[in-house]
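**Student:** Have a look at the structure that comes next, please.
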Amino acid sequence: MRTVLSLVRCGSLAGAAQELGVNYTTVSRRIRRAEQTLGRVLFERLKDGYEPTAAAHFVAKNATEMEKTAHGLLRGLGGLDDGLQGDFTLTAPQLLISCILSPVIRDFSRAYPEVSLHIRATNDLLDLSRREADLAIRISRAPGDSLMGLRLTEQHSASFAAPEWAERIALDPQAPIDWLSYAGYDTLPNSVRINFPASRIALRFDDMVAMQGAAVAGLGVVRMPMFLGRSTPGLVQVPLLEPQPYADIWVVGHPDIWPSAKLAAFRDILVPFIRSKRALFVA
């Protein structure tokens with residue numbers, strides 16, 4: 001049932017295999033077995049992949065309910081867990097882990113060595129109801145209405161650049177200024193265009209890690225969260241863009257598992273640490 005559901009949901013053998021943690025030949029073999037057991041064709045084998053039949057959609061619909069029930073059961077048991085051992089999965093953005101959270105992870109691991117901590121470093125919003133992670137730290141204005149959560153800190157963004165750019169701007173603020181922009185932003189902020197009309201977007205990126213590296217290399221000025229600019233060797237704040245509100249940082253979890261001892265212990269270290277670092281995040 002799980003394999004049929006994954007193939008319907010992912011739309012390909014490769015996608016289902018990745019979700020299930022097996023190879024695609026295993027997925028194909030399980031589908032054949034399911035069809036033999038049920039006595040029905042679940043997928044049409046086409047040149048461009050597997051096309052689910054009405055029977056496959058019916059199976060997937062019921063398997064989804066089974067999956068929800070199973071996840072609910074396991075989350076409920078996890079919420080009753082009062083022990084400080086076993087698996088615990090944390091997810092957070094990569095740059096937040098590298099710049100801010102590593103001491104928290106270190107202190108938690110030292111304090112609770114019997115907890116097997118798994119870190120999923122990603123900007124993707126993992127599905128906590130499906131137990132893709134137990135606890136998530138998110139940079140967001142809307143971290144999830146169905147989740148329990150605490151706002152750890154507000155944030156500001158500002159402009160940062162390599163020291164040579166800072167010197168150039170200080171000598172002649174009206175000289176041409178190269179900016180590194182996030183993909184999807186066609187123009188610079190109004191205040192930049194008004195106060196520094198010689199500014200231009202020199203390069204566009206779809207990833208903040210790449211923008212960070214390009215700024216350190218002296219390719220231009222970048223707008224980024226203040227914690228990131230202040231934590232990055234080789235970058236200094238430049239007075240081109242006044243600090244502006246940015247998405248808050250939250251810690252969130254599913255209500256079923258939020259009370260568990262492991263999550264509570266991690267929050268007990270995380271929350272005071274982040275709040276003690278507030279000056280890194282705001283002007």
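Ordering of the structure tokens sets the chain letters (A, B, ...); residue numbers start at 1 within each chain; ligands are numbered from 1 in the order shown.
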Counting only C-alpha atoms, what is within 7 Å of Ala162 (chain A), bar same-chain residues fewer than 4 positions away, as a ChimeraX atom specification?

**Tutor:** /A:166,215-216,218,234-236

**Student:** Kindly save the residues from that selection, with N, CA and C atoms included, as a PDB file, in the first residue's frame.

**Tutor:**
```pdb
ATOM      1  N   ALA A 166      33.328  48.637   0.761  1.00  0.00           N
ATOM      2  CA  ALA A 166      33.020  49.612   1.812  1.00  0.00           C
ATOM      3  C   ALA A 166      33.895  50.854   1.672  1.00  0.00           C
ATOM      4  N   ALA A 215      29.738  37.846  -2.477  1.00  0.00           N
ATOM      5  CA  ALA A 215      29.983  39.101  -1.766  1.00  0.00           C
ATOM      6  C   ALA A 215      31.358  39.100  -1.109  1.00  0.00           C
ATOM      7  N   VAL A 216      31.731  37.987  -0.494  1.00  0.00           N
ATOM      8  CA  VAL A 216      33.057  37.882   0.135  1.00  0.00           C
ATOM      9  C   VAL A 216      34.155  38.044  -0.925  1.00  0.00           C
ATOM     10  N   GLY A 218      34.095  39.961  -3.326  1.00  0.00           N
ATOM     11  CA  GLY A 218      34.158  41.344  -3.792  1.00  0.00           C
ATOM     12  C   GLY A 218      33.379  41.629  -5.050  1.00  0.00           C
ATOM     13  N   GLY A 234      34.919  38.546   6.338  1.00  0.00           N
ATOM     14  CA  GLY A 234      35.126  39.132   5.021  1.00  0.00           C
ATOM     15  C   GLY A 234      33.998  40.027   4.567  1.00  0.00           C
ATOM     16  N   LEU A 235      32.952  40.192   5.380  1.00  0.00           N
ATOM     17  CA  LEU A 235      31.863  41.114   5.053  1.00  0.00           C
ATOM     18  C   LEU A 235      31.735  42.171   6.139  1.00  0.00           C
ATOM     19  N   VAL A 236      31.405  43.373   5.723  1.00  0.00           N
ATOM     20  CA  VAL A 236      31.114  44.463   6.655  1.00  0.00           C
ATOM     21  C   VAL A 236      29.815  45.124   6.217  1.00  0.00           C
TER      22      VAL A 236
END
```

**Student:** Can you tell me, as an NGL selection string, what residues are no more than 7 Å from region 203-214 of chain A when counting only C-alpha atoms, ignoring any on the same chain fewer than 6 positions away?

**Tutor:** :A and (179-183)

**Student:** Do you know which residues are at most 10 Å from region 238-242 of chain A counting only C-alpha atoms, after dropping those on the same chain fewer than 5 positions away, and could you put them as a list in words?

**Tutor:**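 My reading of the contact set: His156, Ser157, Ala158, Ser159, Phe160, Ala161, Ala162, Pro163, Trp165, Ala166, Glu167, Ile169, Ala170, Pro173, Ile177, Pro189, Asn190, Ser191, Val192, Asn195, Phe196, Ser199, Val221, Val222, Arg223 and Ala283 of chain A.
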
**Student:** Please, could you write that set of residues out with N, CA and C atoms as a compact mmCIF listing (two decimals), in the first residue's frame?

**Tutor:**
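Generated output (again_23.txt):
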```txt
# COMPACT_ATOMS: atom_id res chain seq x y z
N HIS A 156 16.26 41.74 11.30
CA HIS A 156 16.39 42.81 10.33
C HIS A 156 17.33 42.35 9.22
N SER A 157 17.18 42.94 8.07
CA SER A 157 18.15 42.76 6.99
C SER A 157 18.85 44.10 6.74
N ALA A 158 20.02 44.04 6.12
CA ALA A 158 20.78 45.25 5.81
C ALA A 158 21.72 44.94 4.65
N SER A 159 22.52 45.91 4.27
CA SER A 159 23.44 45.72 3.14
C SER A 159 24.85 45.45 3.64
N PHE A 160 25.51 44.47 2.99
CA PHE A 160 26.85 44.06 3.38
C PHE A 160 27.71 43.91 2.12
N ALA A 161 29.02 44.06 2.32
CA ALA A 161 29.95 43.93 1.20
C ALA A 161 31.35 43.66 1.74
N ALA A 162 32.24 43.32 0.83
CA ALA A 162 33.65 43.14 1.19
C ALA A 162 34.25 44.50 1.55
N PRO A 163 35.33 44.53 2.35
CA PRO A 163 35.93 45.80 2.79
C PRO A 163 36.30 46.73 1.65
N TRP A 165 34.78 47.21 -1.13
CA TRP A 165 33.56 47.91 -1.55
C TRP A 165 33.19 48.96 -0.51
N ALA A 166 33.33 48.64 0.76
CA ALA A 166 33.02 49.61 1.81
C ALA A 166 33.90 50.85 1.67
N GLU A 167 35.20 50.66 1.38
CA GLU A 167 36.10 51.79 1.19
C GLU A 167 35.69 52.61 -0.03
N ILE A 169 32.73 52.89 -1.40
CA ILE A 169 31.48 53.61 -1.14
C ILE A 169 31.73 54.80 -0.23
N ALA A 170 32.61 54.64 0.77
CA ALA A 170 32.90 55.75 1.67
C ALA A 170 33.58 56.90 0.94
N PRO A 173 30.12 57.85 -2.57
CA PRO A 173 28.84 57.12 -2.52
C PRO A 173 28.04 57.19 -3.82
N ILE A 177 27.65 51.37 -8.21
CA ILE A 177 27.67 50.34 -7.17
C ILE A 177 27.03 49.07 -7.72
N PRO A 189 15.68 48.05 -4.03
CA PRO A 189 14.74 48.78 -3.17
C PRO A 189 14.68 50.26 -3.54
N ASN A 190 13.50 50.85 -3.35
CA ASN A 190 13.30 52.25 -3.72
C ASN A 190 14.33 53.18 -3.09
N SER A 191 14.64 52.95 -1.80
CA SER A 191 15.58 53.84 -1.12
C SER A 191 16.95 53.80 -1.76
N VAL A 192 17.35 52.63 -2.27
CA VAL A 192 18.65 52.52 -2.95
C VAL A 192 18.62 53.26 -4.27
N ASN A 195 18.54 57.16 -3.45
CA ASN A 195 19.71 57.74 -2.79
C ASN A 195 21.03 57.39 -3.47
N PHE A 196 21.04 56.28 -4.21
CA PHE A 196 22.27 55.86 -4.89
C PHE A 196 21.92 55.48 -6.33
N SER A 199 23.47 52.81 -8.71
CA SER A 199 23.44 51.38 -8.37
C SER A 199 22.85 50.57 -9.52
N VAL A 221 27.60 44.33 -3.60
CA VAL A 221 26.90 44.52 -2.34
C VAL A 221 25.69 43.59 -2.30
N VAL A 222 25.40 43.03 -1.12
CA VAL A 222 24.30 42.09 -1.01
C VAL A 222 23.41 42.49 0.16
N ARG A 223 22.12 42.34 -0.03
CA ARG A 223 21.17 42.51 1.07
C ARG A 223 20.94 41.14 1.68
N ALA A 283 19.06 45.59 14.39
CA ALA A 283 19.91 46.77 14.41
C ALA A 283 20.00 47.36 15.83
```

**Student:** As an MDAnalysis selection string, please: all residues of region 70-194 of chain A that backbone DSSP puts in alpha helix (DSSP H).

**Tutor:** chainID A and resid 70:79 94:96 102:111 163:171 190:194

**Student:** Keeping only N, CA, C and O atoms, take the residues you just selected and write them out as a tab-separated table (two decimals), in the first residue's frame.

**Tutor:**
```
chain	number	residue	atom	x	y	z
A	70	ALA	N	-1.31	6.04	11.04
A	70	ALA	CA	-0.04	5.52	11.55
A	70	ALA	C	0.84	6.65	12.10
A	70	ALA	O	1.43	6.54	13.18
A	71	HIS	N	0.93	7.75	11.33
A	71	HIS	CA	1.74	8.88	11.79
A	71	HIS	C	1.16	9.46	13.08
A	71	HIS	O	1.89	9.84	14.00
A	72	GLY	N	-0.17	9.54	13.15
A	72	GLY	CA	-0.80	10.06	14.36
A	72	GLY	C	-0.51	9.20	15.56
A	72	GLY	O	-0.25	9.71	16.66
A	73	LEU	N	-0.54	7.90	15.37
A	73	LEU	CA	-0.23	6.97	16.45
A	73	LEU	C	1.20	7.17	16.94
A	73	LEU	O	1.46	7.29	18.14
A	74	LEU	N	2.14	7.25	16.00
A	74	LEU	CA	3.56	7.37	16.37
A	74	LEU	C	3.86	8.74	16.97
A	74	LEU	O	4.67	8.86	17.89
A	75	ARG	N	3.20	9.79	16.43
A	75	ARG	CA	3.39	11.11	17.04
A	75	ARG	C	2.86	11.12	18.47
A	75	ARG	O	3.48	11.69	19.38
A	76	GLY	N	1.69	10.50	18.67
A	76	GLY	CA	1.12	10.47	20.01
A	76	GLY	C	2.01	9.74	21.00
A	76	GLY	O	2.21	10.19	22.13
A	77	LEU	N	2.59	8.62	20.56
A	77	LEU	CA	3.52	7.90	21.42
A	77	LEU	C	4.76	8.74	21.69
A	77	LEU	O	5.30	8.75	22.81
A	78	GLY	N	5.21	9.47	20.64
A	78	GLY	CA	6.38	10.33	20.82
A	78	GLY	C	6.12	11.43	21.82
A	78	GLY	O	7.00	11.81	22.61
A	79	GLY	N	4.89	11.96	21.81
A	79	GLY	CA	4.55	13.01	22.76
A	79	GLY	C	4.53	12.53	24.19
A	79	GLY	O	4.71	13.32	25.12
A	94	GLN	N	20.37	25.77	6.32
A	94	GLN	CA	21.80	25.48	6.39
A	94	GLN	C	22.59	26.63	7.03
A	94	GLN	O	23.44	26.40	7.91
A	95	LEU	N	22.34	27.86	6.57
A	95	LEU	CA	23.13	28.99	7.06
A	95	LEU	C	22.84	29.29	8.52
A	95	LEU	O	23.72	29.75	9.25
A	96	LEU	N	21.63	29.02	8.97
A	96	LEU	CA	21.32	29.23	10.38
A	96	LEU	C	22.07	28.21	11.25
A	96	LEU	O	22.54	28.54	12.35
A	102	SER	N	25.11	25.82	15.70
A	102	SER	CA	26.08	24.76	16.02
A	102	SER	C	26.39	24.66	17.51
A	102	SER	O	26.48	23.54	18.05
A	103	PRO	N	26.55	25.78	18.25
A	103	PRO	CA	26.79	25.65	19.70
A	103	PRO	C	25.62	25.01	20.44
A	103	PRO	O	25.83	24.28	21.42
A	104	VAL	N	24.40	25.27	19.99
A	104	VAL	CA	23.23	24.65	20.62
A	104	VAL	C	23.25	23.14	20.40
A	104	VAL	O	23.03	22.36	21.33
A	105	ILE	N	23.54	22.74	19.17
A	105	ILE	CA	23.61	21.32	18.84
A	105	ILE	C	24.73	20.65	19.65
A	105	ILE	O	24.55	19.55	20.19
A	106	ARG	N	25.86	21.32	19.76
A	106	ARG	CA	26.99	20.79	20.56
A	106	ARG	C	26.58	20.60	22.01
A	106	ARG	O	26.81	19.53	22.60
A	107	ASP	N	25.98	21.63	22.62
A	107	ASP	CA	25.63	21.55	24.04
A	107	ASP	C	24.57	20.49	24.29
A	107	ASP	O	24.64	19.77	25.30
A	108	PHE	N	23.61	20.37	23.39
A	108	PHE	CA	22.58	19.34	23.56
A	108	PHE	C	23.18	17.94	23.45
A	108	PHE	O	22.88	17.06	24.26
A	109	SER	N	24.05	17.75	22.47
A	109	SER	CA	24.66	16.43	22.27
A	109	SER	C	25.52	16.03	23.46
A	109	SER	O	25.56	14.85	23.85
A	110	ARG	N	26.22	17.00	24.04
A	110	ARG	CA	27.05	16.70	25.22
A	110	ARG	C	26.19	16.40	26.45
A	110	ARG	O	26.53	15.53	27.26
A	111	ALA	N	25.08	17.13	26.58
A	111	ALA	CA	24.23	16.95	27.75
A	111	ALA	C	23.43	15.65	27.68
A	111	ALA	O	23.14	15.05	28.72
A	163	PRO	N	35.33	44.53	2.35
A	163	PRO	CA	35.93	45.80	2.79
A	163	PRO	C	36.30	46.73	1.65
A	163	PRO	O	36.18	47.95	1.78
A	164	GLU	N	36.76	46.19	0.51
A	164	GLU	CA	37.15	47.08	-0.59
A	164	GLU	C	35.95	47.84	-1.14
A	164	GLU	O	36.06	49.01	-1.53
A	165	TRP	N	34.78	47.21	-1.13
A	165	TRP	CA	33.56	47.91	-1.55
A	165	TRP	C	33.19	48.96	-0.51
A	165	TRP	O	32.75	50.07	-0.85
A	166	ALA	N	33.33	48.64	0.76
A	166	ALA	CA	33.02	49.61	1.81
A	166	ALA	C	33.90	50.85	1.67
A	166	ALA	O	33.41	51.99	1.81
A	167	GLU	N	35.20	50.66	1.38
A	167	GLU	CA	36.10	51.79	1.19
A	167	GLU	C	35.69	52.61	-0.03
A	167	GLU	O	35.70	53.85	0.00
A	168	ARG	N	35.34	51.93	-1.12
A	168	ARG	CA	34.95	52.61	-2.35
A	168	ARG	C	33.70	53.46	-2.12
A	168	ARG	O	33.61	54.61	-2.57
A	169	ILE	N	32.73	52.89	-1.40
A	169	ILE	CA	31.48	53.61	-1.14
A	169	ILE	C	31.73	54.80	-0.23
A	169	ILE	O	31.15	55.89	-0.42
A	170	ALA	N	32.61	54.64	0.77
A	170	ALA	CA	32.90	55.75	1.67
A	170	ALA	C	33.58	56.90	0.94
A	170	ALA	O	33.31	58.08	1.23
A	171	LEU	N	34.44	56.60	-0.04
A	171	LEU	CA	35.13	57.64	-0.79
A	171	LEU	C	34.21	58.37	-1.76
A	171	LEU	O	34.31	59.60	-1.92
A	190	ASN	N	13.50	50.85	-3.35
A	190	ASN	CA	13.30	52.25	-3.72
A	190	ASN	C	14.33	53.18	-3.09
A	190	ASN	O	14.84	54.10	-3.75
A	191	SER	N	14.64	52.95	-1.80
A	191	SER	CA	15.58	53.84	-1.12
A	191	SER	C	16.95	53.80	-1.76
A	191	SER	O	17.66	54.82	-1.84
A	192	VAL	N	17.35	52.63	-2.27
A	192	VAL	CA	18.65	52.52	-2.95
A	192	VAL	C	18.62	53.26	-4.27
A	192	VAL	O	19.54	54.03	-4.61
A	193	ARG	N	17.56	53.08	-5.03
A	193	ARG	CA	17.47	53.72	-6.35
A	193	ARG	C	17.40	55.24	-6.23
A	193	ARG	O	17.92	55.97	-7.07
A	194	ILE	N	16.77	55.73	-5.15
A	194	ILE	CA	16.65	57.18	-4.96
A	194	ILE	C	17.95	57.78	-4.46
A	194	ILE	O	18.44	58.81	-4.97
```

**Student:** Given only C-alpha atoms as the basis, pick out the residue of A:Arg131, A:Arg141, A:Lys277, A:Arg120 nearest to Ser231 (chain A).

**Tutor:**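 Answer, going by the shortest atom-to-atom distance: A:Lys277.
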
**Student:** Taking the DSSP secondary structure from the backbone, can you list the residues of region 138-270 of chain A that are strand (DSSP E or B), as an MDAnalysis selection string?

**Tutor:** chainID A and resid 138:140 148:161 177:182 199:205 221:225 236:237 244:253

**Student:** Can you pull out the residues contacting Val8 (chain A)? Cut-off 10 Å, using only C-alpha atoms, and skip same-chain residues under 4 positions away; I want them as a short mmCIF file (atom, residue, chain, number, x, y, z; two decimals) with C-alpha atoms, in the first residue's frame.

**Tutor:**
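out_21.cif was written with the following content:
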```
data_model
loop_
_atom_site.label_atom_id
_atom_site.label_comp_id
_atom_site.auth_asym_id
_atom_site.auth_seq_id
_atom_site.Cartn_x
_atom_site.Cartn_y
_atom_site.Cartn_z
CA ARG A 2 2.82 2.39 0.88
CA THR A 3 4.57 1.73 -2.43
CA VAL A 4 1.41 2.32 -4.46
CA SER A 12 7.78 8.20 -11.12
CA LEU A 13 9.68 5.10 -10.05
CA GLY A 15 10.70 9.62 -7.07
CA ALA A 16 8.93 6.82 -5.21
CA LEU A 42 -2.80 -0.41 -10.90
CA PHE A 43 -0.50 1.33 -13.37
CA TYR A 50 3.80 4.68 -14.95
CA GLU A 51 0.26 6.08 -15.32
CA PRO A 52 -1.99 5.29 -12.30
CA THR A 53 -5.38 3.72 -13.05
CA ALA A 56 -4.42 2.93 -8.07
CA HIS A 57 -6.02 6.24 -7.10
CA VAL A 59 -5.78 2.42 -3.22
CA ALA A 60 -3.76 5.62 -2.73
CA LYS A 61 -6.73 7.43 -1.20
#
```

**Student:** Determine the nearest neighbour of Asp268 (chain A) from the options A:Val251, A:Ile100, A:Leu125, A:Arg40, counting only C-alpha atoms.

**Tutor:**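 Among A:Val251, A:Ile100, A:Leu125, A:Arg40, it is A:Val251 that comes nearest to Asp268 (chain A).
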